[in-house]
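Participant: Enclosed is the structure file coords37.csv (CSV, C-alpha atoms and all ligand atoms).
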chain,number,residue,atom,x,y,z
A,1,MET,CA,0.0,0.0,0.0
A,2,SER,CA,1.4,3.4,-0.8
A,3,SER,CA,0.0,6.7,0.5
A,4,THR,CA,0.1,10.0,-1.4
A,5,ASP,CA,0.4,13.5,0.0
A,6,THR,CA,-3.3,14.2,-0.5
A,7,GLY,CA,-4.4,11.2,1.7
A,8,ILE,CA,-5.6,8.7,-0.8
A,9,ALA,CA,-4.1,5.2,-0.4
A,10,VAL,CA,-3.7,2.9,-3.3
A,11,ALA,CA,-2.5,-0.7,-3.5
A,12,HIS,CA,-0.5,-1.7,-6.5
A,13,GLU,CA,-1.4,-5.0,-8.2
A,14,VAL,CA,0.5,-6.7,-11.0
A,15,ILE,CA,-1.2,-7.0,-14.4
A,16,GLU,CA,-0.7,-10.4,-16.1
A,17,ARG,CA,-1.7,-11.7,-19.5
A,18,HIS,CA,-5.3,-13.0,-19.6
A,19,SER,CA,-5.9,-11.8,-16.0
A,20,PHE,CA,-8.9,-10.0,-14.5
A,21,ALA,CA,-6.5,-7.1,-13.7
A,22,LEU,CA,-5.8,-6.8,-17.5
A,23,LEU,CA,-9.6,-6.5,-18.1
A,24,GLU,CA,-9.8,-3.7,-15.4
A,25,ALA,CA,-6.8,-2.0,-17.1
A,26,THR,CA,-8.7,-2.2,-20.4
A,27,ARG,CA,-11.7,-0.5,-18.8
A,28,ILE,CA,-9.5,2.3,-17.5
A,29,TYR,CA,-8.0,2.7,-21.0
A,30,HIS,CA,-11.4,2.8,-22.6
A,31,THR,CA,-12.6,5.4,-20.1
A,32,VAL,CA,-9.6,7.7,-20.4
A,33,TRP,CA,-9.3,7.3,-24.2
A,34,PRO,CA,-12.9,7.0,-25.4
A,35,ASP,CA,-13.1,6.1,-29.1
A,36,PRO,CA,-16.4,5.0,-30.6
A,37,ASN,CA,-14.5,3.2,-33.4
A,38,THR,CA,-12.5,1.0,-31.0
A,39,ARG,CA,-14.2,-2.0,-29.5
A,40,TYR,CA,-13.5,-3.1,-26.0
A,41,VAL,CA,-12.6,-6.6,-27.2
A,42,ASP,CA,-9.9,-5.1,-29.5
A,43,VAL,CA,-8.4,-3.2,-26.6
A,44,VAL,CA,-8.3,-6.4,-24.6
A,45,ALA,CA,-6.6,-8.1,-27.5
A,46,MET,CA,-4.1,-5.3,-27.8
A,47,LEU,CA,-3.2,-5.4,-24.1
A,48,ASN,CA,-2.9,-9.2,-24.2
A,49,ARG,CA,-0.6,-8.9,-27.2
A,50,HIS,CA,1.6,-6.4,-25.4
A,51,ALA,CA,1.5,-8.5,-22.2
A,52,GLY,CA,3.2,-11.3,-24.2
A,53,TYR,CA,6.1,-9.2,-25.3
A,54,PRO,CA,9.5,-9.7,-23.6
A,55,GLY,CA,10.0,-7.8,-20.4
A,56,PHE,CA,6.3,-6.9,-20.0
A,57,ALA,CA,5.4,-5.3,-16.7
A,58,GLY,CA,2.1,-3.7,-15.7
A,59,LEU,CA,0.5,-2.3,-12.6
A,60,LEU,CA,-3.0,-1.4,-11.5
A,61,ALA,CA,-3.6,1.1,-8.7
A,62,ARG,CA,-6.6,0.1,-6.6
A,63,GLU,CA,-8.1,2.3,-3.9
A,64,SER,CA,-9.4,1.0,-0.6
A,65,THR,CA,-12.9,0.3,-1.9
A,66,GLY,CA,-11.3,-2.2,-4.4
A,67,ARG,CA,-11.9,0.1,-7.4
A,68,ALA,CA,-9.2,0.0,-10.0
A,69,VAL,CA,-8.4,3.7,-10.7
A,70,ALA,CA,-5.2,3.8,-12.7
A,71,MET,CA,-2.9,1.6,-14.7
A,72,ALA,CA,0.6,1.7,-16.3
A,73,TYR,CA,2.4,-0.9,-18.4
A,74,GLY,CA,5.3,-1.3,-20.8
A,75,HIS,CA,7.8,-3.8,-22.1
A,76,THR,CA,11.3,-4.1,-23.5
A,77,THR,CA,11.2,-2.5,-26.9
A,78,CYS,CA,12.5,-4.7,-29.8
A,79,PRO,CA,12.8,-4.5,-33.6
A,80,GLY,CA,9.7,-5.9,-35.3
A,81,GLN,CA,7.3,-4.2,-32.8
A,82,TRP,CA,5.1,-1.6,-34.3
A,83,TRP,CA,6.1,1.3,-32.0
A,84,HIS,CA,9.8,0.5,-32.1
A,85,ASP,CA,9.9,0.4,-35.9
A,86,ARG,CA,8.0,3.6,-36.2
A,87,VAL,CA,10.1,5.5,-33.7
A,88,GLU,CA,13.6,4.3,-34.4
A,89,PRO,CA,13.9,6.1,-37.8
A,90,GLU,CA,12.8,9.3,-36.1
A,91,LEU,CA,15.6,9.4,-33.6
A,92,PRO,CA,18.0,12.2,-34.3
A,93,PRO,CA,21.8,11.4,-34.3
A,94,GLU,CA,22.2,12.5,-30.7
A,95,SER,CA,19.5,9.9,-29.6
A,96,ALA,CA,20.8,7.1,-31.9
A,97,GLY,CA,20.8,3.7,-30.2
A,98,TRP,CA,18.4,4.9,-27.5
A,99,LEU,CA,16.0,2.0,-28.1
A,100,ASP,CA,18.7,-0.7,-28.1
A,101,ASP,CA,18.4,-1.5,-24.3
A,102,CYS,CA,15.2,0.3,-23.5
A,103,PHE,CA,11.8,-0.2,-21.7
A,104,VAL,CA,8.9,1.5,-23.5
A,105,LEU,CA,6.2,2.9,-21.3
A,106,VAL,CA,3.2,2.0,-23.5
A,107,GLU,CA,0.2,3.2,-21.4
A,108,LEU,CA,-0.3,5.3,-18.3
A,109,ALA,CA,-3.8,6.4,-17.4
A,110,VAL,CA,-5.5,7.6,-14.2
A,111,LEU,CA,-9.3,8.0,-14.0
A,112,PRO,CA,-10.2,11.7,-14.2
A,113,GLU,CA,-11.6,12.0,-10.6
A,114,TYR,CA,-8.4,10.5,-9.1
A,115,ARG,CA,-5.8,12.8,-10.8
A,116,ARG,CA,-3.3,15.1,-9.0
A,117,ARG,CA,-3.0,12.8,-6.1
A,118,GLY,CA,0.4,11.3,-6.9
A,119,ILE,CA,-1.1,8.1,-8.3
A,120,ALA,CA,0.8,8.3,-11.7
A,121,ARG,CA,4.0,9.2,-9.9
A,122,GLY,CA,3.7,6.2,-7.6
A,123,LEU,CA,2.9,3.8,-10.4
A,124,LEU,CA,5.8,5.0,-12.5
A,125,GLU,CA,8.3,4.8,-9.6
A,126,ARG,CA,7.2,1.3,-8.8
A,127,LEU,CA,7.2,0.1,-12.4
A,128,LEU,CA,10.6,1.5,-13.4
A,129,ARG,CA,12.7,1.0,-10.3
A,130,SER,CA,13.2,-2.7,-10.8
A,131,ARG,CA,13.9,-2.5,-14.6
A,132,THR,CA,17.2,-3.8,-15.9
A,133,GLU,CA,17.2,-1.9,-19.2
A,134,ALA,CA,19.6,1.1,-19.4
A,135,ARG,CA,16.9,3.5,-20.6
A,136,ALA,CA,13.2,4.1,-21.0
A,137,ALA,CA,11.2,5.8,-23.7
A,138,LEU,CA,7.6,6.8,-24.4
A,139,SER,CA,5.5,8.8,-26.8
A,140,THR,CA,2.9,11.4,-25.8
A,141,GLN,CA,0.9,13.9,-27.6
A,142,GLU,CA,2.7,17.2,-28.2
A,143,ASP,CA,-0.2,19.1,-26.5
A,144,ASN,CA,-0.8,16.7,-23.6
A,145,GLU,CA,0.1,19.2,-20.9
A,146,PRO,CA,-0.6,17.1,-17.9
A,147,ALA,CA,1.5,14.2,-19.2
A,148,LEU,CA,4.3,16.5,-20.3
A,149,ALA,CA,4.3,18.1,-16.9
A,150,LEU,CA,4.3,14.8,-15.1
A,151,TYR,CA,7.2,13.4,-17.2
A,152,ALA,CA,9.3,16.6,-16.9
A,153,ALA,CA,8.8,16.4,-13.1
A,154,LEU,CA,10.1,12.8,-13.1
A,155,GLY,CA,13.2,13.5,-15.2
A,156,TRP,CA,12.1,12.6,-18.7
A,157,ARG,CA,13.3,14.7,-21.6
A,158,PRO,CA,12.6,15.0,-25.3
A,159,ILE,CA,14.7,12.6,-27.4
A,160,ALA,CA,12.8,12.9,-30.7
A,161,GLY,CA,9.9,14.3,-32.5
A,162,PRO,CA,7.4,15.8,-33.0
A,163,MET,CA,6.3,12.9,-35.2
A,164,ARG,CA,3.0,11.5,-36.4
A,165,PHE,CA,2.0,7.8,-36.1
A,166,ALA,CA,-0.8,8.4,-38.7
A,167,PRO,CA,-0.5,10.8,-41.7
A,168,ALA,CA,-3.1,13.2,-40.4
A,169,GLY,CA,-2.8,12.3,-36.8
A,170,THR,CA,-1.8,14.2,-33.7
A,171,PRO,CA,1.9,15.1,-33.4
A,172,PHE,CA,3.7,13.1,-30.7
A,173,VAL,CA,7.0,13.8,-28.9
A,174,ILE,CA,9.3,11.0,-27.8
A,175,LEU,CA,10.6,11.3,-24.3
A,176,GLY,CA,13.3,9.3,-22.7
A,177,ARG,CA,15.1,8.9,-19.4
A,178,GLU,CA,18.1,6.9,-18.1
A,179,LEU,CA,17.0,4.2,-15.7
A,180,GLN,CA,20.0,2.8,-14.0
A,181,GLY,CA,21.0,4.4,-10.7
A,182,SER,CA,18.2,7.0,-11.0
A,183,TRP,CA,15.6,5.7,-8.6
A,201,LIG,C1,-1.0,12.4,-17.1
A,201,LIG,C2,-1.7,11.6,-16.0
A,201,LIG,C3,-1.3,10.1,-16.1
A,201,LIG,C4,-1.2,12.2,-14.6
A,201,LIG,O1,-1.7,11.4,-13.6
A,201,LIG,P1,-1.8,11.9,-12.1
A,201,LIG,O2,-2.0,10.8,-11.2
A,201,LIG,O3,-2.8,13.0,-12.1
A,201,LIG,O4,-0.4,12.6,-11.8
A,201,LIG,P2,0.3,12.8,-10.4
A,201,LIG,O5,-0.7,13.2,-9.4
A,201,LIG,O6,1.1,11.6,-10.0
A,201,LIG,O7,1.3,14.0,-10.7
A,201,LIG,C5,2.6,14.1,-10.4
A,201,LIG,C6,3.2,15.4,-10.9
A,201,LIG,O8,3.1,15.5,-12.3
A,201,LIG,C7,2.7,16.9,-12.6
A,201,LIG,N1,1.4,17.0,-13.1
A,201,LIG,C8,0.5,15.9,-13.3
A,201,LIG,N2,-0.7,16.4,-13.8
A,201,LIG,C9,-0.5,17.7,-14.0
A,201,LIG,C10,-1.4,18.7,-14.5
A,201,LIG,N3,-2.6,18.5,-15.0
A,201,LIG,N4,-0.9,20.0,-14.6
A,201,LIG,C11,0.4,20.3,-14.2
A,201,LIG,N5,1.2,19.4,-13.7
A,201,LIG,C12,0.8,18.1,-13.6
A,201,LIG,C13,2.9,17.7,-11.3
A,201,LIG,O9,4.2,18.0,-11.2
A,201,LIG,C14,2.5,16.6,-10.3
A,201,LIG,O10,3.0,16.9,-9.0
A,201,LIG,P3,2.1,17.8,-8.0
A,201,LIG,O11,0.7,17.4,-8.1
A,201,LIG,O12,2.8,17.6,-6.7
A,201,LIG,O13,2.3,19.2,-8.6
A,201,LIG,C15,-3.2,11.8,-16.0
A,201,LIG,O14,-3.5,13.2,-16.1
A,201,LIG,C16,-3.9,11.0,-17.1
A,201,LIG,O15,-4.3,9.9,-16.9
A,201,LIG,N6,-4.1,11.7,-18.3
A,201,LIG,C17,-4.8,11.0,-19.4
A,201,LIG,C18,-4.0,9.9,-19.9
A,201,LIG,C19,-2.6,10.3,-20.4
A,201,LIG,O16,-2.5,11.4,-20.9
A,201,LIG,N7,-1.6,9.5,-20.2
A,201,LIG,C20,-0.3,9.7,-20.6
A,201,LIG,C21,-0.1,9.5,-22.0
A,201,LIG,S1,1.6,9.0,-22.4
Starting from the coordinates I provided, produce the structure as structure tokens.

Facilitator:
Amino acid sequence: MSSTDTGIAVAHEVIERHSFALLEATRIYHTVWPDPNTRYVDVVAMLNRHAGYPGFAGLLARESTGRAVAMAYGHTTCPGQWWHDRVEPELPPESAGWLDDCFVLVELAVLPEYRRRGIARGLLERLLRSRTEARAALSTQEDNEPALALYAALGWRPIAGPMRFAPAGTPFVILGRELQGSW
């Protein structure tokens, strides 16, 4: 159980492939990123696919009532994975090789009514402190001010972008941070 400054206590629970926790993480994803064109079952399938990747790690945050209120997950990024193969060519020379020994933070989402209570900070610290990769990376929307503020506060910095994953899509920035010896 971890307590935050604002008094809410959350328990962290490991997300595993084909688990009930993964279904709850899917519900949080669906609530935070509502998209009428995306079916719940497709998000379940996506999370299960990611949960099968090497180095997968995921956490739910559960409040004292038992309600799952936030989730975070990622995995070791490898050639052949969609995100890796889209981002690697976008790395400028000063970030070359960043993805070679790297954990990609794929999703981080906190239900709206539970934000600004340190829940994301707690999830990320727990998720990243036991990683063995040298570095971490993630993509977030160029205009996602809460996420950019969170990551800046936790020592992430821009390593590439802005870039688009879809031709007419939102521009994303790629952020990175060293992992070893930093927690
Ligand atoms: C981004 C998000 C995960 C932050 O979760 P959170 O639990 O509210 O974040 P925390 O309470 O742990 O915030 C830690 C620090 O990050 C910064 N921060 C977080 N949200 C912020 C905001 N809206 N405005 C300014 N700073 C913010 C602050 O420095 C904060 O510390 P403080 O509250 O002591 O000032 C949450 O807003 C969210 O789920 N957004 C929608 C999904 C999303 O964008 N995910 C990330 C995509 S990569």

Participant: Check the smallest atom-to-atom distance from each of A:Glu16, A:Glu178, A:Glu63, A:Glu145 to Arg117 of chain A using only C-alpha atoms, then report the winner.

Facilitator: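 Ranked by minimum distance to Arg117 of chain A, first place goes to A:Glu63.
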
Participant: When the cut-off is 10 Å and you count all atoms listed in the file, which residues lie near ligand LIG 201 (chain A), shown as a PDB file with C-alpha atoms, keeping the file's coordinate frame?

Facilitator:
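Dumped everything to result-v4.pdb:
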ATOM      1  CA  THR A   4       0.100  10.000  -1.400  1.00  0.00           C
ATOM      2  CA  ASP A   5       0.400  13.500   0.000  1.00  0.00           C
ATOM      3  CA  THR A   6      -3.300  14.200  -0.500  1.00  0.00           C
ATOM      4  CA  ILE A  28      -9.500   2.300 -17.500  1.00  0.00           C
ATOM      5  CA  TYR A  29      -8.000   2.700 -21.000  1.00  0.00           C
ATOM      6  CA  THR A  31     -12.600   5.400 -20.100  1.00  0.00           C
ATOM      7  CA  VAL A  32      -9.600   7.700 -20.400  1.00  0.00           C
ATOM      8  CA  TRP A  33      -9.300   7.300 -24.200  1.00  0.00           C
ATOM      9  CA  VAL A  69      -8.400   3.700 -10.700  1.00  0.00           C
ATOM     10  CA  ALA A  70      -5.200   3.800 -12.700  1.00  0.00           C
ATOM     11  CA  MET A  71      -2.900   1.600 -14.700  1.00  0.00           C
ATOM     12  CA  ALA A  72       0.600   1.700 -16.300  1.00  0.00           C
ATOM     13  CA  LEU A 105       6.200   2.900 -21.300  1.00  0.00           C
ATOM     14  CA  VAL A 106       3.200   2.000 -23.500  1.00  0.00           C
ATOM     15  CA  GLU A 107       0.200   3.200 -21.400  1.00  0.00           C
ATOM     16  CA  LEU A 108      -0.300   5.300 -18.300  1.00  0.00           C
ATOM     17  CA  ALA A 109      -3.800   6.400 -17.400  1.00  0.00           C
ATOM     18  CA  VAL A 110      -5.500   7.600 -14.200  1.00  0.00           C
ATOM     19  CA  LEU A 111      -9.300   8.000 -14.000  1.00  0.00           C
ATOM     20  CA  PRO A 112     -10.200  11.700 -14.200  1.00  0.00           C
ATOM     21  CA  GLU A 113     -11.600  12.000 -10.600  1.00  0.00           C
ATOM     22  CA  TYR A 114      -8.400  10.500  -9.100  1.00  0.00           C
ATOM     23  CA  ARG A 115      -5.800  12.800 -10.800  1.00  0.00           C
ATOM     24  CA  ARG A 116      -3.300  15.100  -9.000  1.00  0.00           C
ATOM     25  CA  ARG A 117      -3.000  12.800  -6.100  1.00  0.00           C
ATOM     26  CA  GLY A 118       0.400  11.300  -6.900  1.00  0.00           C
ATOM     27  CA  ILE A 119      -1.100   8.100  -8.300  1.00  0.00           C
ATOM     28  CA  ALA A 120       0.800   8.300 -11.700  1.00  0.00           C
ATOM     29  CA  ARG A 121       4.000   9.200  -9.900  1.00  0.00           C
ATOM     30  CA  GLY A 122       3.700   6.200  -7.600  1.00  0.00           C
ATOM     31  CA  LEU A 123       2.900   3.800 -10.400  1.00  0.00           C
ATOM     32  CA  LEU A 124       5.800   5.000 -12.500  1.00  0.00           C
ATOM     33  CA  GLU A 125       8.300   4.800  -9.600  1.00  0.00           C
ATOM     34  CA  LEU A 138       7.600   6.800 -24.400  1.00  0.00           C
ATOM     35  CA  SER A 139       5.500   8.800 -26.800  1.00  0.00           C
ATOM     36  CA  THR A 140       2.900  11.400 -25.800  1.00  0.00           C
ATOM     37  CA  GLN A 141       0.900  13.900 -27.600  1.00  0.00           C
ATOM     38  CA  ASP A 143      -0.200  19.100 -26.500  1.00  0.00           C
ATOM     39  CA  ASN A 144      -0.800  16.700 -23.600  1.00  0.00           C
ATOM     40  CA  GLU A 145       0.100  19.200 -20.900  1.00  0.00           C
ATOM     41  CA  PRO A 146      -0.600  17.100 -17.900  1.00  0.00           C
ATOM     42  CA  ALA A 147       1.500  14.200 -19.200  1.00  0.00           C
ATOM     43  CA  LEU A 148       4.300  16.500 -20.300  1.00  0.00           C
ATOM     44  CA  ALA A 149       4.300  18.100 -16.900  1.00  0.00           C
ATOM     45  CA  LEU A 150       4.300  14.800 -15.100  1.00  0.00           C
ATOM     46  CA  TYR A 151       7.200  13.400 -17.200  1.00  0.00           C
ATOM     47  CA  ALA A 152       9.300  16.600 -16.900  1.00  0.00           C
ATOM     48  CA  ALA A 153       8.800  16.400 -13.100  1.00  0.00           C
ATOM     49  CA  LEU A 154      10.100  12.800 -13.100  1.00  0.00           C
ATOM     50  CA  PHE A 172       3.700  13.100 -30.700  1.00  0.00           C
ATOM     51  CA  VAL A 173       7.000  13.800 -28.900  1.00  0.00           C
ATOM     52  CA  ILE A 174       9.300  11.000 -27.800  1.00  0.00           C
ATOM     53  CA  LEU A 175      10.600  11.300 -24.300  1.00  0.00           C
TER      54      LEU A 175
END

Participant: In Å, with one decimal, what is the gap from atom CA of Trp82 of chain A to atom CA of Ala51 of chain A?

Facilitator: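 The value is 14.4 Å.
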
Participant: For Val10 of chain A, which of A:Leu91, A:Cys102, A:Ala168, A:Ala68 is the closest residue, counting only C-alpha atoms?

Facilitator: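 Using only C-alpha atoms, Val10 of chain A sits closest to A:Ala68.
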
Participant: State, in Å with one decimal place, the distance from atom CA of Gln81 of chain A to atom CA of Arg27 of chain A.

Facilitator: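 Between these atoms lies a distance of 23.9 Å.
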
Participant: Can I get a file of segment 47-70 of chain A from the given structure, N, CA and C atoms kept, as a PDB file, in the first residue's frame?

Facilitator:
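Printed below is out35.pdb as written:
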ATOM      1  N   LEU A  47      -3.954  -5.293 -25.349  1.00  0.00           N
ATOM      2  CA  LEU A  47      -3.232  -5.403 -24.078  1.00  0.00           C
ATOM      3  C   LEU A  47      -2.667  -6.809 -23.887  1.00  0.00           C
ATOM      4  N   ASN A  48      -3.434  -7.822 -24.283  1.00  0.00           N
ATOM      5  CA  ASN A  48      -2.918  -9.192 -24.167  1.00  0.00           C
ATOM      6  C   ASN A  48      -1.722  -9.421 -25.087  1.00  0.00           C
ATOM      7  N   ARG A  49      -1.771  -8.809 -26.276  1.00  0.00           N
ATOM      8  CA  ARG A  49      -0.615  -8.944 -27.181  1.00  0.00           C
ATOM      9  C   ARG A  49       0.616  -8.294 -26.548  1.00  0.00           C
ATOM     10  N   HIS A  50       0.439  -7.072 -26.032  1.00  0.00           N
ATOM     11  CA  HIS A  50       1.568  -6.386 -25.385  1.00  0.00           C
ATOM     12  C   HIS A  50       2.058  -7.168 -24.169  1.00  0.00           C
ATOM     13  N   ALA A  51       1.109  -7.782 -23.445  1.00  0.00           N
ATOM     14  CA  ALA A  51       1.501  -8.519 -22.230  1.00  0.00           C
ATOM     15  C   ALA A  51       2.316  -9.764 -22.554  1.00  0.00           C
ATOM     16  N   GLY A  52       2.336 -10.157 -23.823  1.00  0.00           N
ATOM     17  CA  GLY A  52       3.158 -11.294 -24.234  1.00  0.00           C
ATOM     18  C   GLY A  52       4.536 -10.896 -24.716  1.00  0.00           C
ATOM     19  N   TYR A  53       4.816  -9.601 -24.780  1.00  0.00           N
ATOM     20  CA  TYR A  53       6.122  -9.154 -25.262  1.00  0.00           C
ATOM     21  C   TYR A  53       7.192  -9.358 -24.185  1.00  0.00           C
ATOM     22  N   PRO A  54       8.457  -9.497 -24.594  1.00  0.00           N
ATOM     23  CA  PRO A  54       9.533  -9.663 -23.611  1.00  0.00           C
ATOM     24  C   PRO A  54       9.577  -8.493 -22.639  1.00  0.00           C
ATOM     25  N   GLY A  55       9.796  -8.824 -21.393  1.00  0.00           N
ATOM     26  CA  GLY A  55       9.991  -7.782 -20.386  1.00  0.00           C
ATOM     27  C   GLY A  55       8.720  -7.048 -20.003  1.00  0.00           C
ATOM     28  N   PHE A  56       7.549  -7.623 -20.322  1.00  0.00           N
ATOM     29  CA  PHE A  56       6.302  -6.919 -19.987  1.00  0.00           C
ATOM     30  C   PHE A  56       6.177  -6.727 -18.478  1.00  0.00           C
ATOM     31  N   ALA A  57       5.736  -5.541 -18.091  1.00  0.00           N
ATOM     32  CA  ALA A  57       5.397  -5.284 -16.684  1.00  0.00           C
ATOM     33  C   ALA A  57       4.240  -4.307 -16.656  1.00  0.00           C
ATOM     34  N   GLY A  58       3.242  -4.612 -15.832  1.00  0.00           N
ATOM     35  CA  GLY A  58       2.089  -3.726 -15.729  1.00  0.00           C
ATOM     36  C   GLY A  58       1.587  -3.675 -14.302  1.00  0.00           C
ATOM     37  N   LEU A  59       1.037  -2.526 -13.940  1.00  0.00           N
ATOM     38  CA  LEU A  59       0.515  -2.338 -12.585  1.00  0.00           C
ATOM     39  C   LEU A  59      -0.834  -1.647 -12.632  1.00  0.00           C
ATOM     40  N   LEU A  60      -1.738  -2.105 -11.779  1.00  0.00           N
ATOM     41  CA  LEU A  60      -2.993  -1.397 -11.500  1.00  0.00           C
ATOM     42  C   LEU A  60      -2.835  -0.677 -10.175  1.00  0.00           C
ATOM     43  N   ALA A  61      -3.503   0.457 -10.032  1.00  0.00           N
ATOM     44  CA  ALA A  61      -3.621   1.093  -8.712  1.00  0.00           C
ATOM     45  C   ALA A  61      -5.070   0.912  -8.266  1.00  0.00           C
ATOM     46  N   ARG A  62      -5.230   0.368  -7.062  1.00  0.00           N
ATOM     47  CA  ARG A  62      -6.561   0.072  -6.559  1.00  0.00           C
ATOM     48  C   ARG A  62      -6.771   0.848  -5.267  1.00  0.00           C
ATOM     49  N   GLU A  63      -7.881   1.577  -5.182  1.00  0.00           N
ATOM     50  CA  GLU A  63      -8.137   2.305  -3.942  1.00  0.00           C
ATOM     51  C   GLU A  63      -8.758   1.365  -2.904  1.00  0.00           C
ATOM     52  N   SER A  64      -8.980   1.887  -1.694  1.00  0.00           N
ATOM     53  CA  SER A  64      -9.361   1.005  -0.576  1.00  0.00           C
ATOM     54  C   SER A  64     -10.717   0.329  -0.781  1.00  0.00           C
ATOM     55  N   THR A  65     -11.583   0.919  -1.617  1.00  0.00           N
ATOM     56  CA  THR A  65     -12.872   0.274  -1.896  1.00  0.00           C
ATOM     57  C   THR A  65     -12.711  -0.929  -2.819  1.00  0.00           C
ATOM     58  N   GLY A  66     -11.524  -1.077  -3.392  1.00  0.00           N
ATOM     59  CA  GLY A  66     -11.283  -2.151  -4.352  1.00  0.00           C
ATOM     60  C   GLY A  66     -11.377  -1.681  -5.788  1.00  0.00           C
ATOM     61  N   ARG A  67     -11.774  -0.438  -5.989  1.00  0.00           N
ATOM     62  CA  ARG A  67     -11.921   0.074  -7.351  1.00  0.00           C
ATOM     63  C   ARG A  67     -10.545   0.285  -7.999  1.00  0.00           C
ATOM     64  N   ALA A  68     -10.389  -0.224  -9.216  1.00  0.00           N
ATOM     65  CA  ALA A  68      -9.161   0.022  -9.978  1.00  0.00           C
ATOM     66  C   ALA A  68      -9.261   1.416 -10.589  1.00  0.00           C
ATOM     67  N   VAL A  69      -8.296   2.284 -10.286  1.00  0.00           N
ATOM     68  CA  VAL A  69      -8.408   3.695 -10.656  1.00  0.00           C
ATOM     69  C   VAL A  69      -7.313   4.174 -11.605  1.00  0.00           C
ATOM     70  N   ALA A  70      -6.298   3.362 -11.809  1.00  0.00           N
ATOM     71  CA  ALA A  70      -5.203   3.781 -12.687  1.00  0.00           C
ATOM     72  C   ALA A  70      -4.427   2.552 -13.125  1.00  0.00           C
TER      73      ALA A  70
END
